[in-house]
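K.L.:
Just one file: work_9.txt, with compact mmCIF, C-alpha atoms and all ligand atoms.
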# COMPACT_ATOMS: atom_id res chain seq x y z
CA MET U 1 15.93 5.18 7.26
CA TRP U 2 13.57 5.21 4.28
CA VAL U 3 10.62 2.83 4.10
CA ASP U 4 9.03 1.56 0.91
CA SER U 5 5.46 1.26 2.19
CA HIS U 6 4.15 -0.60 -0.87
CA CYS U 7 6.10 -2.86 -3.18
CA HIS U 8 5.58 -6.27 -4.76
CA LEU U 9 8.72 -8.30 -4.15
CA THR U 10 6.78 -11.42 -5.17
CA TYR U 11 6.77 -10.12 -8.76
CA GLU U 12 10.55 -10.38 -9.02
CA GLU U 13 11.35 -13.33 -11.21
CA THR U 14 14.19 -14.90 -9.21
CA PRO U 15 15.45 -14.91 -5.61
CA GLU U 16 18.62 -13.19 -6.92
CA ASN U 17 16.51 -10.34 -8.29
CA VAL U 18 14.83 -9.87 -4.89
CA ALA U 19 18.24 -9.82 -3.19
CA GLY U 20 19.47 -7.24 -5.72
CA VAL U 21 16.46 -4.96 -5.23
CA LEU U 22 16.91 -5.07 -1.46
CA GLU U 23 20.67 -4.52 -1.58
CA ARG U 24 20.47 -1.52 -3.89
CA ALA U 25 17.81 0.05 -1.69
CA ARG U 26 19.66 -0.59 1.58
CA ALA U 27 22.73 1.06 0.02
CA VAL U 28 20.76 4.33 -0.26
CA GLY U 29 19.27 4.17 3.23
CA PHE U 30 16.22 1.89 3.13
CA GLY U 31 15.48 0.04 6.35
CA ALA U 32 12.05 -1.54 5.75
CA PHE U 33 9.99 -2.87 2.87
CA LEU U 34 6.29 -3.68 2.96
CA SER U 35 5.62 -6.27 0.28
CA ILE U 36 1.95 -6.32 -0.57
CA GLY U 37 -0.18 -9.41 -1.13
CA CYS U 38 -2.83 -9.47 -3.86
CA ARG U 39 -3.93 -13.12 -4.02
CA LEU U 40 -4.03 -16.15 -1.76
CA ASP U 41 -1.26 -17.86 -3.67
CA ASP U 42 1.11 -14.90 -3.06
CA ILE U 43 1.16 -15.73 0.63
CA PRO U 44 3.69 -18.61 0.81
CA LEU U 45 6.37 -16.55 -0.96
CA LEU U 46 5.59 -13.48 1.17
CA GLU U 47 5.98 -15.61 4.30
CA ALA U 48 9.28 -16.98 3.03
CA LEU U 49 10.68 -13.54 2.15
CA ALA U 50 9.70 -12.12 5.54
CA ALA U 51 11.29 -15.12 7.29
CA ARG U 52 14.50 -14.71 5.33
CA TYR U 53 14.94 -10.92 5.48
CA PRO U 54 14.61 -9.03 8.79
CA ASP U 55 13.67 -5.79 6.98
CA VAL U 56 10.90 -7.31 4.82
CA PHE U 57 7.32 -7.17 6.09
CA PHE U 58 4.13 -8.04 4.24
CA SER U 59 0.39 -7.65 3.99
CA VAL U 60 -2.20 -10.23 2.99
CA GLY U 61 -5.27 -9.49 0.95
CA ILE U 62 -7.25 -9.92 -2.22
CA HIS U 63 -6.84 -7.24 -4.89
CA PRO U 64 -10.12 -6.22 -6.58
CA HIS U 65 -8.77 -7.64 -9.85
CA GLU U 66 -8.48 -11.04 -8.16
CA ALA U 67 -11.84 -11.04 -6.37
CA GLU U 68 -13.76 -13.16 -8.86
CA GLU U 69 -11.06 -15.77 -9.35
CA THR U 70 -10.55 -16.05 -5.60
CA LEU U 71 -14.24 -16.68 -4.97
CA SER U 72 -14.27 -19.27 -7.73
CA VAL U 73 -11.97 -21.46 -5.64
CA THR U 74 -13.03 -20.57 -2.11
CA SER U 75 -16.13 -19.32 -0.30
CA LEU U 76 -16.31 -15.98 1.52
CA SER U 77 -16.33 -17.78 4.86
CA SER U 78 -13.30 -19.94 4.11
CA LEU U 79 -11.52 -16.89 2.66
CA ARG U 80 -12.13 -15.15 5.94
CA ALA U 81 -10.76 -18.12 7.90
CA THR U 82 -7.64 -18.34 5.72
CA LEU U 83 -6.84 -14.63 5.98
CA GLU U 84 -7.52 -14.70 9.70
CA GLU U 85 -5.01 -17.50 10.16
CA LYS U 86 -2.36 -15.72 8.05
CA ILE U 87 -2.52 -12.38 9.86
CA SER U 88 -1.33 -13.96 13.10
CA ASN U 89 2.20 -13.84 11.61
CA PRO U 90 3.93 -10.95 13.47
CA LYS U 91 5.34 -9.63 10.18
CA VAL U 92 1.89 -9.19 8.62
CA LEU U 93 1.40 -5.46 9.04
CA GLY U 94 -1.85 -4.85 7.18
CA MET U 95 -4.78 -6.11 5.16
CA GLY U 96 -4.75 -5.60 1.41
CA GLU U 97 -4.34 -4.64 -1.18
CA THR U 98 -8.09 -4.41 -1.25
CA GLY U 99 -10.62 -2.01 -2.67
CA LEU U 100 -12.52 -1.36 -5.86
CA ASP U 101 -11.37 -0.95 -9.44
CA TYR U 102 -14.12 0.17 -11.81
CA TYR U 103 -11.58 1.26 -14.44
CA TYR U 104 -10.55 -2.25 -15.42
CA ASP U 105 -13.56 -4.10 -13.96
CA HIS U 106 -11.58 -7.35 -13.97
CA SER U 107 -14.05 -8.72 -11.43
CA PRO U 108 -17.80 -7.96 -11.32
CA ARG U 109 -18.45 -4.94 -9.10
CA ALA U 110 -20.70 -6.83 -6.67
CA VAL U 111 -17.96 -9.44 -6.14
CA GLN U 112 -15.32 -6.74 -5.63
CA GLN U 113 -17.59 -5.15 -3.03
CA ASP U 114 -18.16 -8.42 -1.12
CA VAL U 115 -14.44 -9.11 -0.92
CA PHE U 116 -13.69 -5.50 0.06
CA ARG U 117 -16.31 -5.56 2.84
CA LEU U 118 -14.93 -8.82 4.19
CA GLN U 119 -11.42 -7.37 4.40
CA ILE U 120 -12.60 -4.15 6.07
CA ASN U 121 -14.37 -6.25 8.69
CA LEU U 122 -11.39 -8.44 9.28
CA ALA U 123 -9.00 -5.48 9.48
CA LYS U 124 -11.26 -3.80 11.99
CA ALA U 125 -11.63 -6.95 14.11
CA HIS U 126 -7.84 -7.37 14.27
CA ASP U 127 -6.94 -3.66 14.46
CA LEU U 128 -4.94 -3.87 11.22
CA PRO U 129 -4.63 -1.01 8.73
CA LEU U 130 -6.13 -1.42 5.25
CA VAL U 131 -4.04 -0.99 2.11
CA ILE U 132 -6.66 0.49 -0.22
CA HIS U 133 -6.61 0.40 -4.01
CA THR U 134 -9.37 2.48 -5.58
CA ARG U 135 -9.76 3.52 -9.19
CA ASP U 136 -12.78 5.21 -10.76
CA ALA U 137 -14.78 4.09 -7.74
CA ASP U 138 -14.63 7.05 -5.33
CA ASP U 139 -18.31 7.00 -4.32
CA ASP U 140 -18.57 3.30 -3.57
CA THR U 141 -15.16 3.14 -1.88
CA LEU U 142 -16.08 5.94 0.52
CA ALA U 143 -19.61 4.65 1.11
CA ILE U 144 -18.47 1.09 1.86
CA LEU U 145 -15.67 2.27 4.16
CA LYS U 146 -18.17 4.39 6.08
CA GLU U 147 -20.74 1.59 6.29
CA GLU U 148 -18.32 -1.09 7.37
CA ALA U 149 -15.85 0.82 9.50
CA GLY U 150 -17.42 4.16 10.37
CA THR U 151 -14.92 6.83 11.21
CA GLY U 152 -12.61 4.42 13.02
CA VAL U 153 -11.02 3.15 9.83
CA LYS U 154 -7.25 2.70 9.79
CA GLY U 155 -5.56 2.56 6.44
CA VAL U 156 -3.88 4.18 3.49
CA LEU U 157 -5.09 5.28 0.08
CA HIS U 158 -2.18 3.67 -1.71
CA CYS U 159 -0.63 5.14 -4.86
CA PHE U 160 -2.99 8.06 -4.56
CA SER U 161 -3.96 9.59 -7.89
CA GLY U 162 -7.66 10.21 -7.31
CA SER U 163 -9.90 13.23 -6.97
CA ARG U 164 -9.67 16.04 -4.45
CA ARG U 165 -12.96 14.83 -3.00
CA LEU U 166 -11.60 11.33 -2.38
CA PHE U 167 -8.53 12.90 -0.78
CA GLU U 168 -10.56 15.20 1.49
CA GLU U 169 -13.11 12.61 2.56
CA GLY U 170 -10.37 10.03 3.02
CA LEU U 171 -8.54 12.39 5.38
CA ASP U 172 -11.80 12.99 7.27
CA LEU U 173 -12.13 9.23 7.74
CA GLY U 174 -8.61 9.14 9.22
CA LEU U 175 -6.83 7.61 6.24
CA TYR U 176 -3.22 8.20 5.24
CA VAL U 177 -2.35 9.16 1.66
CA SER U 178 0.58 7.58 -0.15
CA ALA U 179 2.63 9.12 -2.95
CA SER U 180 4.03 6.95 -5.74
CA GLY U 181 6.14 7.74 -8.81
CA ILE U 182 3.06 9.24 -10.48
CA VAL U 183 3.75 12.55 -8.68
CA THR U 184 6.96 12.91 -10.70
CA PHE U 185 5.20 12.67 -14.07
CA THR U 186 5.10 15.91 -16.09
CA LYS U 187 1.35 15.80 -16.55
CA ALA U 188 0.55 15.22 -12.87
CA ALA U 189 0.28 18.92 -11.90
CA ASP U 190 -3.18 18.46 -10.34
CA LEU U 191 -1.94 15.56 -8.27
CA ARG U 192 1.04 17.61 -7.05
CA ASP U 193 -1.43 20.31 -5.97
CA ILE U 194 -3.27 17.74 -3.87
CA PHE U 195 -0.04 16.51 -2.27
CA LYS U 196 0.78 20.11 -1.28
CA ASP U 197 -2.27 19.85 0.97
CA VAL U 198 -1.67 16.42 2.51
CA PRO U 199 -0.90 16.98 6.20
CA LEU U 200 2.66 15.91 6.95
CA ASP U 201 1.46 13.47 9.58
CA ARG U 202 -0.74 11.59 7.07
CA LEU U 203 1.81 11.18 4.31
CA LEU U 204 3.47 7.96 3.16
CA LEU U 205 5.85 7.14 0.30
CA GLU U 206 5.86 4.04 -1.87
CA THR U 207 7.04 2.64 -5.18
CA ASP U 208 4.34 0.08 -6.11
CA ALA U 209 7.36 -1.62 -7.73
CA PRO U 210 7.82 -3.21 -10.18
CA TYR U 211 5.21 -0.79 -11.61
CA LEU U 212 5.16 3.00 -11.98
CA ALA U 213 8.84 3.91 -12.03
CA PRO U 214 9.30 7.62 -11.30
CA THR U 215 10.92 10.06 -13.70
CA PRO U 216 13.80 9.73 -14.77
CA HIS U 217 13.29 5.95 -14.84
CA ARG U 218 9.77 6.10 -16.25
CA GLY U 219 8.96 3.07 -18.40
CA LYS U 220 11.63 0.93 -16.77
CA ARG U 221 11.09 -1.72 -14.15
CA ASN U 222 10.64 0.07 -10.84
CA GLU U 223 12.42 -0.81 -7.59
CA SER U 224 12.55 0.56 -4.07
CA ALA U 225 15.79 2.56 -4.53
CA PHE U 226 14.01 4.72 -7.13
CA MET U 227 11.62 6.04 -4.46
CA ILE U 228 14.19 8.76 -3.77
CA HIS U 229 13.01 10.56 -6.95
CA THR U 230 9.45 10.61 -5.64
CA ALA U 231 10.72 11.79 -2.26
CA LYS U 232 12.57 14.72 -3.85
CA VAL U 233 9.42 15.94 -5.60
CA ILE U 234 7.38 15.66 -2.40
CA ALA U 235 10.06 17.39 -0.28
CA ASP U 236 10.06 20.30 -2.75
CA LEU U 237 6.26 20.54 -2.68
CA LYS U 238 6.23 20.52 1.12
CA GLU U 239 9.25 22.90 1.30
CA ILE U 240 11.11 20.62 3.70
CA SER U 241 14.45 18.84 3.49
CA LEU U 242 14.78 15.22 2.39
CA ASN U 243 15.89 14.36 5.92
CA GLU U 244 12.77 15.87 7.42
CA LEU U 245 10.62 14.02 4.90
CA GLN U 246 12.38 10.77 5.70
CA ASP U 247 11.90 11.21 9.46
CA GLN U 248 8.26 12.15 9.10
CA THR U 249 7.22 9.43 6.64
CA THR U 250 9.04 6.71 8.57
CA LYS U 251 7.37 7.87 11.77
CA ASN U 252 4.01 7.79 9.99
CA PHE U 253 4.68 4.30 8.68
CA LEU U 254 5.46 2.99 12.17
CA THR U 255 2.38 4.73 13.58
CA LEU U 256 -0.02 3.33 10.98
CA PHE U 257 1.61 -0.10 10.59
CA SER U 258 2.17 -0.35 14.31
CA LYS U 259 3.00 -4.07 14.28
CA ALA U 260 6.35 -3.02 12.75
CA ALA U 261 7.23 -0.63 15.59
CA PRO U 262 8.76 -3.22 17.97
CA TYR U 263 11.28 -4.15 15.25
CA PHE U 264 12.68 -0.61 15.24
CA THR U 265 12.83 0.36 18.92
ZN ZN G 1 0.30 -2.53 -5.46
Re-express the file's structure as structure tokens.
Ligand SMILES: [Zn+2]

P.N.:
Amino acid sequence: MWVDSHCHLTYEETPENVAGVLERARAVGFGAFLSIGCRLDDIPLLEALAARYPDVFFSVGIHPHEAEETLSVTSLSSLRATLEEKISNPKVLGMGETGLDYYYDHSPRAVQQDVFRLQINLAKAHDLPLVIHTRDADDDTLAILKEEAGTGVKGVLHCFSGSRRLFEEGLDLGLYVSASGIVTFTKAADLRDIFKDVPLDRLLLETDAPYLAPTPHRGKRNESAFMIHTAKVIADLKEISLNELQDQTTKNFLTLFSKAAPYFT
């Protein structure tokens, strides 16, 4: 089976659209979907989707874009308590998406950092992997991960499109690296070079749907079934078959997001 390790089913406008996305993906071999939380008010719908669909899992977390708004309605300590309560759901596989985004700076950097640190701490305390979003913030992302989690950090650099240094130091920390539709874009030659060097046992695949549709669907609304186009590019780069890539990335997913493993054995 294929796994979409990062999608946003909560951004589908109707329940029928969610059902359609899932059906079209299952028809081409998908067996699990990790729908990612970005805000506190995503959580009720994520819980409902995971309760309704056996193959839908989710994460809870505060995206760096949402850090300021979140702390305008709740304190850091009550945020911690709320997240801590939510992760007891067996279908919560990870913490995030969390991290730093200095490209958009939608939240002040100090606030992004506070909310990131809190989630690293919580993930570590509960042995959950982090789903990390980082953009134009390599230095601070690496420094904060090292300060808060040391080398024992579990997590994935989601939708990786960063520098070779971020990639190398992320691997040294033990992180996984996830490929999105960006690797299929004509201009992404440097990124494809980096993915040639990602060890097979640290590689994940994702869509980040509804964003970032791969070529030949670029510009359209993305959905899990389109991940096959990303997979083909990665399989070519790694000089392995699609079947081998599927086996390896699914195994990696179940290793990193180990709370999912009992559902598939
Ligand atoms: Zn995302």

K.L.:
Within 7 Å of U:Phe257, counting all atoms listed in the file, which residues qualify if same-chain residues fewer than 6 places away don't, as a list of chain:residue names?

P.N.:
U:Leu93, U:Gly94, U:Pro129

K.L.:
So that I can check the surroundings of U:Ala32, please list as a ChimeraX atom specification every protein, DNA and RNA residue that reaches within 6 Å of it, counting only C-alpha atoms and ignoring chain neighbours fewer than 6 positions away.

P.N.:
/U:3,55-56

K.L.:
I'd like the contact shell of U:Asn121 - 9 Å cut-off, all atoms listed in the file, skipping same-chain residues fewer than 4 positions apart - returned as a ChimeraX atom specification.

P.N.:
/U:116-117,125-126,148-149

K.L.:
Looking at U:Leu245, U:Lys91, U:Ser107, U:Ser72, which one is nearest to U:Pro262, with distances taken over only C-alpha atoms?

P.N.:
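Checking each of U:Leu245, U:Lys91, U:Ser107, U:Ser72 against U:Pro262, counting only C-alpha atoms, the winner is U:Lys91.
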
K.L.:
Let me make sure I understand: among U:Glu223, U:Glu66, U:Asp139, U:Asp172, which one has the smallest atom-to-atom distance to U:Asp105 if we use only C-alpha atoms?

P.N.:
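For U:Asp105, the nearest of the candidates is U:Glu66.
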
K.L.:
Using all atoms listed in the file, which residues of the polymer chains come no farther than 8 Å from ligand ZN 1 (chain G)? I'd like the answer as a ChimeraX atom specification.

P.N.:
/U:6-8,36,38,97,133,158-159,208-209

K.L.:
Counting only C-alpha atoms, which of U:Pro54, U:Gly29, U:Gly155, U:Pro108 gets nearest to U:Leu204?

P.N.:
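When distances to U:Leu204 are compared using only C-alpha atoms, the smallest one comes from U:Gly155.
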
K.L.:
So how far away is atom CA of U:Trp2 from atom CA of U:Gln246, in Å?

P.N.:
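Distance reported for this atom pair: 5.9 Å.
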
K.L.:
Select stretch 52-141 of chain U in the preceding structure and write C-alpha atoms to a file as a tab-separated table (two decimals), in the first residue's frame.

P.N.:
chain	number	residue	atom	x	y	z
U	52	ARG	CA	-15.29	7.60	10.50
U	53	TYR	CA	-12.51	6.22	8.27
U	54	PRO	CA	-10.28	3.34	9.45
U	55	ASP	CA	-7.45	4.42	7.12
U	56	VAL	CA	-7.38	8.09	8.22
U	57	PHE	CA	-4.96	9.11	10.97
U	58	PHE	CA	-4.09	12.60	12.16
U	59	SER	CA	-1.62	14.83	13.93
U	60	VAL	CA	-2.31	17.77	16.22
U	61	GLY	CA	-0.25	20.92	16.34
U	62	ILE	CA	0.05	24.63	15.77
U	63	HIS	CA	1.52	25.75	12.44
U	64	PRO	CA	3.98	28.66	12.74
U	65	HIS	CA	1.54	30.81	10.75
U	66	GLU	CA	-1.07	30.23	13.47
U	67	ALA	CA	1.19	30.76	16.49
U	68	GLU	CA	0.23	34.36	17.24
U	69	GLU	CA	-3.51	33.88	16.81
U	70	THR	CA	-3.43	30.76	18.95
U	71	LEU	CA	-1.67	32.55	21.80
U	72	SER	CA	-4.15	35.40	21.55
U	73	VAL	CA	-6.90	33.04	22.70
U	74	THR	CA	-5.01	30.67	24.98
U	75	SER	CA	-1.91	30.71	27.18
U	76	LEU	CA	1.14	28.52	26.56
U	77	SER	CA	0.25	26.41	29.60
U	78	SER	CA	-3.36	25.83	28.58
U	79	LEU	CA	-2.21	25.13	25.00
U	80	ARG	CA	0.05	22.47	26.41
U	81	ALA	CA	-2.80	20.96	28.44
U	82	THR	CA	-5.15	20.92	25.44
U	83	LEU	CA	-2.62	19.28	23.11
U	84	GLU	CA	-1.69	16.80	25.82
U	85	GLU	CA	-5.31	15.74	26.17
U	86	LYS	CA	-5.78	15.39	22.39
U	87	ILE	CA	-2.74	13.19	21.76
U	88	SER	CA	-4.17	10.42	23.93
U	89	ASN	CA	-6.38	9.52	20.92
U	90	PRO	CA	-4.81	6.32	19.48
U	91	LYS	CA	-5.11	7.72	15.95
U	92	VAL	CA	-2.99	10.79	16.74
U	93	LEU	CA	0.33	9.75	15.24
U	94	GLY	CA	2.42	12.89	15.64
U	95	MET	CA	2.82	16.47	16.78
U	96	GLY	CA	2.60	19.23	14.19
U	97	GLU	CA	2.71	20.75	11.86
U	98	THR	CA	5.08	22.88	13.84
U	99	GLY	CA	8.24	24.80	13.12
U	100	LEU	CA	9.36	28.19	11.91
U	101	ASP	CA	8.44	30.20	8.84
U	102	TYR	CA	10.56	33.32	8.36
U	103	TYR	CA	9.53	33.62	4.71
U	104	TYR	CA	5.97	34.71	5.43
U	105	ASP	CA	6.50	35.80	9.07
U	106	HIS	CA	2.75	35.54	9.69
U	107	SER	CA	3.52	35.34	13.41
U	108	PRO	CA	6.33	37.20	15.21
U	109	ARG	CA	9.47	35.05	15.30
U	110	ALA	CA	9.67	34.95	19.10
U	111	VAL	CA	6.08	33.67	19.28
U	112	GLN	CA	6.76	31.04	16.59
U	113	GLN	CA	9.76	29.90	18.62
U	114	ASP	CA	7.81	29.61	21.90
U	115	VAL	CA	5.11	27.52	20.26
U	116	PHE	CA	7.70	25.37	18.45
U	117	ARG	CA	9.63	24.73	21.69
U	118	LEU	CA	6.45	23.75	23.50
U	119	GLN	CA	5.58	21.20	20.82
U	120	ILE	CA	9.09	19.72	20.76
U	121	ASN	CA	8.88	19.26	24.52
U	122	LEU	CA	5.49	17.67	24.36
U	123	ALA	CA	6.48	15.37	21.50
U	124	LYS	CA	9.54	14.27	23.41
U	125	ALA	CA	7.58	13.67	26.63
U	126	HIS	CA	5.06	11.48	24.78
U	127	ASP	CA	7.51	9.84	22.35
U	128	LEU	CA	5.66	11.26	19.35
U	129	PRO	CA	7.35	12.27	16.09
U	130	LEU	CA	7.34	15.93	15.05
U	131	VAL	CA	5.96	17.06	11.70
U	132	ILE	CA	8.30	19.97	10.97
U	133	HIS	CA	7.59	22.91	8.68
U	134	THR	CA	10.62	25.16	8.17
U	135	ARG	CA	11.09	27.90	5.63
U	136	ASP	CA	13.96	30.40	5.48
U	137	ALA	CA	14.72	29.50	9.09
U	138	ASP	CA	17.36	26.76	8.86
U	139	ASP	CA	19.64	28.09	11.61
U	140	ASP	CA	16.97	28.64	14.24
U	141	THR	CA	15.12	25.42	13.40
